[in-house]
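J.: Provided below: upload_29.cif, containing mmCIF, C-alpha atoms.
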```
data_upload
loop_
_atom_site.label_atom_id
_atom_site.label_comp_id
_atom_site.auth_asym_id
_atom_site.auth_seq_id
_atom_site.Cartn_x
_atom_site.Cartn_y
_atom_site.Cartn_z
CA MET R 1 83.52 103.10 181.64
CA THR R 2 82.43 102.72 178.02
CA ARG R 3 82.38 106.51 177.57
CA ASN R 4 85.94 106.87 178.94
CA TYR R 5 87.08 104.05 176.69
CA LEU R 6 85.62 105.85 173.65
CA ILE R 7 87.30 109.13 174.63
CA GLY R 8 90.58 107.32 175.10
CA PHE R 9 90.19 105.62 171.74
CA ALA R 10 89.43 108.96 170.02
CA LEU R 11 92.48 110.59 171.60
CA ALA R 12 94.71 107.69 170.56
CA ALA R 13 93.35 107.89 167.01
CA ALA R 14 93.96 111.65 166.85
CA LEU R 15 97.52 111.25 168.15
CA GLY R 16 98.09 108.42 165.71
CA ALA R 17 96.90 110.54 162.78
CA GLY R 18 99.21 113.38 163.83
CA GLN R 19 102.12 110.94 164.02
CA ALA R 20 101.25 109.51 160.60
CA GLN R 21 101.29 113.02 159.07
CA ALA R 22 104.71 113.68 160.60
CA ASP R 23 105.96 110.36 159.29
CA GLU R 24 104.80 111.21 155.75
CA LEU R 25 107.75 113.55 155.23
CA THR R 26 110.68 111.79 153.57
CA GLY R 27 113.92 112.60 151.79
CA THR R 28 114.83 116.23 151.21
CA LEU R 29 111.65 117.70 152.71
CA LYS R 30 112.14 115.73 155.94
CA ASN R 31 115.78 116.80 156.15
CA ILE R 32 114.87 120.46 155.59
CA LYS R 33 112.14 120.29 158.25
CA ASP R 34 114.44 118.54 160.74
CA THR R 35 117.39 120.91 160.24
CA GLY R 36 115.51 124.14 159.49
CA ALA R 37 117.89 124.72 156.58
CA ILE R 38 118.08 124.26 152.79
CA THR R 39 121.37 124.23 150.86
CA LEU R 40 121.73 125.86 147.44
CA GLY R 41 124.63 125.02 145.16
CA TYR R 42 125.87 128.03 143.14
CA ARG R 43 128.43 128.72 140.40
CA ASP R 44 131.01 131.48 140.85
CA SER R 45 131.21 132.70 137.23
CA SER R 46 128.22 131.44 135.23
CA ILE R 47 126.97 134.87 134.13
CA PRO R 48 124.08 135.74 134.29
CA PHE R 49 122.75 132.50 135.81
CA SER R 50 124.81 132.18 138.96
CA TYR R 51 127.93 134.18 139.79
CA LEU R 52 129.62 136.25 142.48
CA ASP R 53 129.14 140.01 142.73
CA ASP R 54 131.71 142.49 144.05
CA ASN R 55 130.86 141.43 147.61
CA GLN R 56 131.42 137.72 146.78
CA LYS R 57 127.67 137.13 147.13
CA PRO R 58 126.06 134.63 144.70
CA ILE R 59 123.54 136.38 142.44
CA GLY R 60 121.89 135.69 139.10
CA TYR R 61 118.87 134.47 137.18
CA ALA R 62 119.02 130.89 138.51
CA MET R 63 119.63 132.15 142.06
CA ASP R 64 116.45 134.27 141.87
CA ILE R 65 114.50 131.19 140.73
CA CYS R 66 115.97 129.10 143.56
CA TYR R 67 114.92 131.68 146.15
CA LYS R 68 111.35 131.42 144.82
CA ILE R 69 111.56 127.65 145.32
CA VAL R 70 112.87 128.22 148.88
CA ASP R 71 109.77 130.36 149.61
CA ALA R 72 107.52 127.55 148.35
CA VAL R 73 109.31 124.92 150.47
CA LYS R 74 109.05 127.14 153.54
CA LYS R 75 105.29 127.52 152.94
CA GLU R 76 104.81 123.80 152.25
CA LEU R 77 106.52 122.84 155.52
CA LYS R 78 104.74 125.64 157.44
CA LEU R 79 108.05 126.99 158.76
CA ASP R 80 108.33 130.45 160.36
CA LYS R 81 111.89 130.73 159.10
CA LEU R 82 114.16 128.71 156.86
CA GLU R 83 117.93 129.14 156.82
CA VAL R 84 119.52 129.21 153.35
CA LYS R 85 123.02 127.75 153.18
CA LEU R 86 125.17 128.43 150.09
CA THR R 87 127.73 125.95 148.74
CA PRO R 88 129.93 126.56 145.66
CA VAL R 89 129.83 123.88 142.95
CA THR R 90 131.70 123.37 139.67
CA SER R 91 130.98 121.41 136.49
CA ALA R 92 132.87 118.48 138.01
CA THR R 93 131.40 118.59 141.55
CA ARG R 94 127.77 119.60 141.01
CA ILE R 95 126.34 116.10 140.41
CA PRO R 96 128.37 114.30 143.15
CA LEU R 97 127.46 117.01 145.72
CA MET R 98 123.79 116.65 144.77
CA ALA R 99 123.88 112.85 144.93
CA ASN R 100 125.61 112.71 148.34
CA GLY R 101 123.17 115.13 149.95
CA THR R 102 125.50 118.15 150.31
CA VAL R 103 123.26 120.44 148.23
CA ASP R 104 119.47 120.32 147.83
CA LEU R 105 119.13 122.49 144.70
CA GLU R 106 121.77 123.38 142.09
CA CYS R 107 121.19 126.91 140.84
CA GLY R 108 123.17 127.40 137.65
CA SER R 109 123.32 126.69 133.92
CA THR R 110 123.22 122.90 133.91
CA THR R 111 121.87 121.23 130.78
CA ASN R 112 119.09 118.74 131.40
CA ASN R 113 119.77 115.67 129.24
CA ALA R 114 118.87 111.99 129.26
CA GLU R 115 122.36 110.94 130.36
CA ARG R 116 122.31 113.19 133.45
CA GLU R 117 118.78 112.06 134.35
CA LYS R 118 120.28 108.66 135.18
CA GLN R 119 121.96 110.37 138.17
CA VAL R 120 119.84 113.42 139.06
CA TRP R 121 116.46 115.03 138.37
CA PHE R 122 115.59 118.48 137.03
CA THR R 123 112.67 120.81 137.53
CA ASN R 124 110.98 122.80 134.74
CA THR R 125 113.29 124.33 132.14
CA HIS R 126 114.35 127.94 132.82
CA PHE R 127 116.53 128.59 129.76
CA LEU R 128 117.16 127.24 126.27
CA THR R 129 120.57 127.58 124.64
CA ALA R 130 121.58 126.72 121.09
CA SER R 131 124.78 126.71 119.04
CA ARG R 132 124.79 129.92 116.94
CA TYR R 133 127.41 132.26 115.47
CA VAL R 134 128.43 135.85 116.10
CA PHE R 135 129.54 138.14 113.29
CA LYS R 136 130.10 141.81 112.51
CA LYS R 137 127.11 143.70 111.11
CA SER R 138 129.38 144.99 108.36
CA SER R 139 129.91 141.46 107.01
CA GLY R 140 126.25 141.28 105.98
CA LEU R 141 125.72 137.59 106.85
CA LYS R 142 122.10 136.45 106.74
CA SER R 143 122.21 132.65 107.18
CA ILE R 144 124.47 129.65 107.76
CA ASP R 145 124.70 129.24 103.96
CA ASP R 146 126.38 132.67 103.80
CA LEU R 147 129.39 131.08 105.55
CA LYS R 148 130.28 129.29 102.27
CA GLY R 149 133.99 129.58 101.53
CA LYS R 150 134.53 131.81 104.58
CA THR R 151 136.91 131.43 107.55
CA VAL R 152 134.93 130.41 110.64
CA VAL R 153 136.29 129.88 114.15
CA SER R 154 135.09 127.80 117.11
CA THR R 155 136.67 126.67 120.36
CA ALA R 156 138.68 123.43 120.27
CA GLY R 157 137.20 120.46 122.16
CA THR R 158 133.61 121.75 122.23
CA THR R 159 130.41 120.25 120.86
CA ASN R 160 130.08 123.49 118.88
CA ILE R 161 133.11 122.87 116.67
CA LYS R 162 131.83 119.32 116.09
CA GLN R 163 128.43 120.69 115.00
CA LEU R 164 130.14 123.26 112.75
CA THR R 165 132.32 120.57 111.12
CA GLU R 166 129.27 118.35 110.49
CA ALA R 167 127.31 121.25 108.96
CA ASN R 168 130.31 122.14 106.80
CA VAL R 169 130.18 118.65 105.24
CA GLU R 170 126.38 118.27 105.08
CA ARG R 171 125.76 121.71 103.56
CA LYS R 172 128.88 121.63 101.36
CA LEU R 173 129.92 125.03 102.77
CA GLY R 174 133.62 124.65 102.02
CA ALA R 175 134.34 126.87 105.05
CA ASN R 176 137.84 127.13 106.52
CA ILE R 177 137.32 126.05 110.15
CA ILE R 178 139.89 127.26 112.69
CA PRO R 179 140.01 125.78 116.24
CA ALA R 180 140.79 128.42 118.90
CA LYS R 181 142.27 127.53 122.30
CA ASP R 182 139.48 129.35 124.19
CA HIS R 183 136.41 131.56 123.72
CA ALA R 184 138.37 134.79 124.17
CA GLU R 185 140.81 133.89 121.36
CA ALA R 186 137.95 132.86 119.07
CA PHE R 187 136.07 136.14 119.61
CA LEU R 188 139.29 138.12 119.08
CA MET R 189 139.62 136.51 115.63
CA VAL R 190 136.23 137.94 114.62
CA GLU R 191 137.09 141.26 116.27
CA THR R 192 140.31 141.52 114.21
CA ASP R 193 138.68 140.18 110.98
CA ARG R 194 140.75 136.98 110.87
CA ALA R 195 137.46 135.05 110.88
CA VAL R 196 134.03 136.12 109.67
CA ALA R 197 132.12 134.24 112.41
CA PHE R 198 132.53 132.42 115.74
CA VAL R 199 130.28 129.43 116.52
CA MET R 200 129.42 128.85 120.20
CA ASP R 201 126.49 128.64 122.73
CA ASP R 202 124.40 131.73 122.03
CA ILE R 203 124.36 132.92 125.64
CA LEU R 204 128.19 132.75 125.85
CA LEU R 205 128.37 134.77 122.62
CA ALA R 206 126.01 137.33 124.14
CA SER R 207 128.25 137.81 127.19
CA LEU R 208 131.34 138.20 124.95
CA VAL R 209 129.56 140.81 122.81
CA ALA R 210 128.33 142.69 125.90
CA GLY R 211 131.88 142.82 127.29
CA SER R 212 133.49 143.90 123.98
CA LYS R 213 134.77 147.37 123.06
CA SER R 214 131.92 147.97 120.58
CA PRO R 215 128.89 145.76 121.36
CA ASP R 216 126.78 147.46 118.66
CA ASP R 217 129.14 146.19 115.95
CA TYR R 218 128.06 142.57 116.39
CA VAL R 219 125.06 140.37 115.63
CA ILE R 220 124.24 136.86 116.89
CA SER R 221 122.63 134.67 114.24
CA LYS R 222 119.01 133.56 114.33
CA ASP R 223 120.11 130.40 112.49
CA ALA R 224 121.34 127.66 114.83
CA PHE R 225 123.61 124.64 114.42
CA SER R 226 121.66 122.74 117.09
CA THR R 227 118.17 122.38 118.51
CA PRO R 228 117.53 124.29 121.79
CA GLU R 229 119.09 122.56 124.81
CA PRO R 230 117.28 123.00 128.15
CA TYR R 231 118.83 124.29 131.36
CA GLY R 232 117.10 123.28 134.59
CA ILE R 233 117.49 123.58 138.36
CA MET R 234 118.92 120.24 139.50
CA LEU R 235 117.61 118.18 142.45
CA ARG R 236 118.12 114.69 143.84
CA LYS R 237 116.87 111.72 141.86
CA ASP R 238 113.97 109.58 143.13
CA ASP R 239 112.64 112.23 145.55
CA LYS R 240 109.07 112.61 144.26
CA PRO R 241 107.62 114.65 147.19
CA PHE R 242 110.38 117.28 146.92
CA LYS R 243 110.16 117.39 143.11
CA LYS R 244 106.39 117.92 143.36
CA VAL R 245 106.91 121.04 145.50
CA VAL R 246 109.76 122.35 143.31
CA ASP R 247 107.87 121.73 140.04
CA ALA R 248 104.76 123.47 141.38
CA ALA R 249 106.86 126.48 142.47
CA THR R 250 108.66 126.86 139.12
CA ALA R 251 105.47 126.29 137.10
CA ALA R 252 103.66 128.98 139.10
CA LEU R 253 106.58 131.37 138.58
CA TYR R 254 106.93 130.79 134.84
CA THR R 255 103.22 130.90 133.99
CA SER R 256 102.78 134.15 135.91
CA GLY R 257 104.22 137.40 134.59
CA GLU R 258 106.88 137.26 137.31
CA GLY R 259 108.98 134.67 135.50
CA LYS R 260 109.30 136.95 132.46
CA LYS R 261 110.21 139.90 134.72
CA ILE R 262 113.05 137.91 136.33
CA TYR R 263 114.26 136.87 132.87
CA ASP R 264 114.27 140.48 131.60
CA LYS R 265 116.12 141.65 134.73
CA TRP R 266 119.10 139.42 133.87
CA PHE R 267 119.02 139.25 130.08
CA THR R 268 117.75 142.60 128.77
CA GLN R 269 118.90 145.09 131.44
CA LYS R 270 122.24 146.15 132.92
CA ILE R 271 123.51 143.60 135.43
CA PRO R 272 126.07 143.92 138.25
CA PRO R 273 128.92 144.28 138.85
CA LYS R 274 129.97 145.94 135.54
CA GLY R 275 126.62 147.08 134.22
CA LEU R 276 126.75 144.82 131.16
CA ASN R 277 123.56 144.29 129.17
CA LEU R 278 123.51 140.87 127.47
CA ASN R 279 120.61 142.09 125.30
CA VAL R 280 119.05 138.62 124.85
CA PRO R 281 115.24 139.00 124.69
CA MET R 282 113.22 135.88 125.44
CA GLY R 283 112.82 133.77 122.30
CA PRO R 284 109.59 132.11 121.12
CA GLU R 285 110.72 128.65 122.27
CA LEU R 286 111.28 129.75 125.87
CA ALA R 287 108.09 131.85 125.86
CA HIS R 288 106.20 128.70 124.85
CA GLU R 289 108.01 126.72 127.56
CA PHE R 290 107.05 129.31 130.21
CA ALA R 291 103.39 129.12 129.09
CA LYS R 292 103.46 125.31 129.35
CA PRO R 293 106.31 124.37 131.74
CA SER R 294 108.17 121.13 131.06
CA ASP R 295 111.10 119.23 132.54
CA SER R 296 111.77 117.31 129.31
CA PRO R 297 115.44 116.54 128.55
CA ASP R 298 114.59 116.13 124.85
CA PRO R 299 115.72 119.16 122.78
CA ALA R 300 113.21 118.24 120.05
CA SER R 301 110.32 118.96 122.43
CA TYR R 302 111.28 122.67 122.57
CA LYS R 303 111.10 123.46 118.85
#
```
Is it possible to express this structure as structure tokens?

T.:
Amino acid sequence: MTRNYLIGFALAAALGAGQAQADELTGTLKNIKDTGAITLGYRDSSIPFSYLDDNQKPIGYAMDICYKIVDAVKKELKLDKLEVKLTPVTSATRIPLMANGTVDLECGSTTNNAEREKQVWFTNTHFLTASRYVFKKSSGLKSIDDLKGKTVVSTAGTTNIKQLTEANVERKLGANIIPAKDHAEAFLMVETDRAVAFVMDDILLASLVAGSKSPDDYVISKDAFSTPEPYGIMLRKDDKPFKKVVDAATAALYTSGEGKKIYDKWFTQKIPPKGLNLNVPMGPELAHEFAKPSDSPDPASYK
């Protein structure tokens, strides 16, 4: 009788432990396990981070990183298969769709900053962008101070034109600043010599140069009007177990040589669908970030 009671007790304890382990899953991980699916939010034209190819399939640097995270989640949950659902997001919808549970990861070019961290969380930084300027090699510019007395263009309504205006006053450049209606018009002004330089996010300048008639004619400045701003894969706020898995996956990717290979694939080689080469080698700040991954929203921490 006593022996049977002990066996019964042991069985009950074992079943209880199994139940407790199952109950440990919460939030996003529990939802993924229950549904057998994970949903990625993608951008349709954020080259080379997340955009549609000729077959309307989302591809890009951030998409590749997200698929590595999917592999890690699948392994963590010990799933034989995990369905990947794809949902388009825009600048306006990405945070609401994350907050309401429609998407589990946002794979794009979203800046991680303190204001956004009040609504969502980010994993380790995968790109750093800064406000720089593009100019023709023939103009011989070497630094921001060389813009003194020159005509410089930036796009109206952007933080870039604000940074340019502030620098113009602080450095006493006396530059003639022209606001363009969009990036294409601003670049055309440099192309047709109506402005000596165009100030904008360096990665957007790189894509404009790559798509121009004569890419070799242009140079993007090393000097910047801003500190590096971090891009990160976005996830839901206050979901520590899911963030732990995602952070571990991105840290493992970036600290291994594979992270650099994925970067080079999208930034230093020809990319589909037009075979453009953005020709943006990894800078020292991002190389340092990959060696010691961080999810900091503070630009100063990436100097």

J.: Identify all residues satisfying the PyMOL selection byres ((chain R and resi 41-44) around 7) in the given file; provide them as a ChimeraX atom specification.

T.: /R:39-40,45-46,50-52,58,86-90,103,105-108

J.: Would you be able to write out as a PyMOL selection string which residues have an atom within 9 Å of (139.3, 125.6, 122.9) in the file's coordinates, counting all atoms listed in the file?

T.: chain R and resi 154-158+179-183+185-186

J.: Counting all atoms listed in the file, figure out which residue out of R:Ala287, R:Ile38, R:Ser221, R:Glu76 gets nearest to Leu147 in chain R.

T.: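 Looking at the shortest contact to Leu147 in chain R, the residue is R:Ser221.
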
J.: Residues near range 275-283 of chain R, anyone? I mean within 9 Å using only C-alpha atoms, not counting same-chain ones fewer than 4 positions away, as an mmCIF file with C-alpha atoms, in the coordinates of the input.

T.:
```
data_model
loop_
_atom_site.group_PDB
_atom_site.id
_atom_site.type_symbol
_atom_site.label_atom_id
_atom_site.label_comp_id
_atom_site.auth_asym_id
_atom_site.auth_seq_id
_atom_site.Cartn_x
_atom_site.Cartn_y
_atom_site.Cartn_z
ATOM 1 C CA PRO R 48 124.080 135.740 134.290
ATOM 2 C CA LEU R 128 117.160 127.240 126.270
ATOM 3 C CA ILE R 203 124.360 132.920 125.640
ATOM 4 C CA ALA R 206 126.010 137.330 124.140
ATOM 5 C CA SER R 207 128.250 137.810 127.190
ATOM 6 C CA LEU R 208 131.340 138.200 124.950
ATOM 7 C CA VAL R 209 129.560 140.810 122.810
ATOM 8 C CA ALA R 210 128.330 142.690 125.900
ATOM 9 C CA GLY R 211 131.880 142.820 127.290
ATOM 10 C CA LYS R 260 109.300 136.950 132.460
ATOM 11 C CA TYR R 263 114.260 136.870 132.870
ATOM 12 C CA ASP R 264 114.270 140.480 131.600
ATOM 13 C CA TRP R 266 119.100 139.420 133.870
ATOM 14 C CA PHE R 267 119.020 139.250 130.080
ATOM 15 C CA THR R 268 117.750 142.600 128.770
ATOM 16 C CA GLN R 269 118.900 145.090 131.440
ATOM 17 C CA LYS R 270 122.240 146.150 132.920
ATOM 18 C CA ILE R 271 123.510 143.600 135.430
ATOM 19 C CA ALA R 287 108.090 131.850 125.860
ATOM 20 C CA HIS R 288 106.200 128.700 124.850
#
```

J.: Given the PyMOL selection byres ((chain R and resi 191) around 12) and the file above, list the residues it selects as a list in words.

T.: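 Taken over the shown coordinates, the PyMOL selection byres ((chain R and resi 191) around 12) returns Val134, Phe135, Lys136, Lys137, Ser138, Ser139, Val153, Ala184, Glu185, Ala186, Phe187, Leu188, Met189, Val190, Thr192, Asp193, Arg194, Ala195, Val196, Ala197, Phe198, Leu208, Val209, Ser212, Lys213, Ser214, Pro215, Asp217 and Tyr218 of chain R.
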
J.: Rank R:Thr227, R:Asn176, R:Gln56, R:Asn160 by their smallest atom-to-atom distance to Thr129 in chain R, using only C-alpha atoms, and report the top residue only.

T.: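 Among R:Thr227, R:Asn176, R:Gln56, R:Asn160, it is R:Thr227 that comes nearest to Thr129 in chain R.
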
J.: Any idea what the distance is between CA of Ser143 in chain R and CA of Lys172 in chain R?

T.: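 Straight-line distance from CA of Ser143 in chain R to CA of Lys172 in chain R works out to 14.1 Å.
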
J.: Choose the residue, out of R:Leu173, R:Ala130, R:Ile178, R:Cys66, that has the smallest atom-to-atom separation from Leu286 in chain R; count only C-alpha atoms.

T.: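 Using only C-alpha atoms, the shortest distance to Leu286 in chain R belongs to R:Ala130.
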
J.: Find the distance between CA of Ser296 in chain R and CA of Ser256 in chain R and write it in Å to one decimal.

T.: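 Computed distance, CA of Ser296 in chain R to CA of Ser256 in chain R, equals 20.2 Å.
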
J.: Which is closest to Glu258 in chain R among R:Asp54, R:Gly27, R:Arg171, R:Lys68, if we use only C-alpha atoms?

T.: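 The shortest atom-to-atom distance to Glu258 in chain R comes from R:Lys68.
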
J.: Interatomic distance between CA of Ile177 in chain R and CA of Lys162 in chain R?

T.: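 One can read the CA of Ile177 in chain R to CA of Lys162 in chain R distance as 10.5 Å.
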
J.: Could you list the residues chosen by the PyMOL selection byres ((chain R and resi 133) around 9) in this structure as an MDAnalysis selection string?

T.: chainID R and resid 131:132 134:135 144 197:202 205 219:225

J.: Hey, can you spit out that residue selection with C-alpha atoms as a PDB file, in the coordinates of the input?

T.:
```
ATOM      1  CA  SER R 131     124.780 126.710 119.040  1.00  0.00           C
ATOM      2  CA  ARG R 132     124.790 129.920 116.940  1.00  0.00           C
ATOM      3  CA  VAL R 134     128.430 135.850 116.100  1.00  0.00           C
ATOM      4  CA  PHE R 135     129.540 138.140 113.290  1.00  0.00           C
ATOM      5  CA  ILE R 144     124.470 129.650 107.760  1.00  0.00           C
ATOM      6  CA  ALA R 197     132.120 134.240 112.410  1.00  0.00           C
ATOM      7  CA  PHE R 198     132.530 132.420 115.740  1.00  0.00           C
ATOM      8  CA  VAL R 199     130.280 129.430 116.520  1.00  0.00           C
ATOM      9  CA  MET R 200     129.420 128.850 120.200  1.00  0.00           C
ATOM     10  CA  ASP R 201     126.490 128.640 122.730  1.00  0.00           C
ATOM     11  CA  ASP R 202     124.400 131.730 122.030  1.00  0.00           C
ATOM     12  CA  LEU R 205     128.370 134.770 122.620  1.00  0.00           C
ATOM     13  CA  VAL R 219     125.060 140.370 115.630  1.00  0.00           C
ATOM     14  CA  ILE R 220     124.240 136.860 116.890  1.00  0.00           C
ATOM     15  CA  SER R 221     122.630 134.670 114.240  1.00  0.00           C
ATOM     16  CA  LYS R 222     119.010 133.560 114.330  1.00  0.00           C
ATOM     17  CA  ASP R 223     120.110 130.400 112.490  1.00  0.00           C
ATOM     18  CA  ALA R 224     121.340 127.660 114.830  1.00  0.00           C
ATOM     19  CA  PHE R 225     123.610 124.640 114.420  1.00  0.00           C
TER      20      PHE R 225
END
```

J.: Between R:Ala252, R:Asn100, R:Asn113, R:Gly36, which one has atoms that come closest to Val84 in chain R, using only C-alpha atoms?

T.: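 When distances to Val84 in chain R are compared using only C-alpha atoms, the smallest one comes from R:Gly36.
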
J.: Check the smallest atom-to-atom distance from each of R:Pro273, R:Leu204, R:Leu29, R:Phe242 to Lys57 in chain R using all atoms listed in the file, then report the winner.

T.: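 Smallest separation from Lys57 in chain R among the options: R:Pro273.
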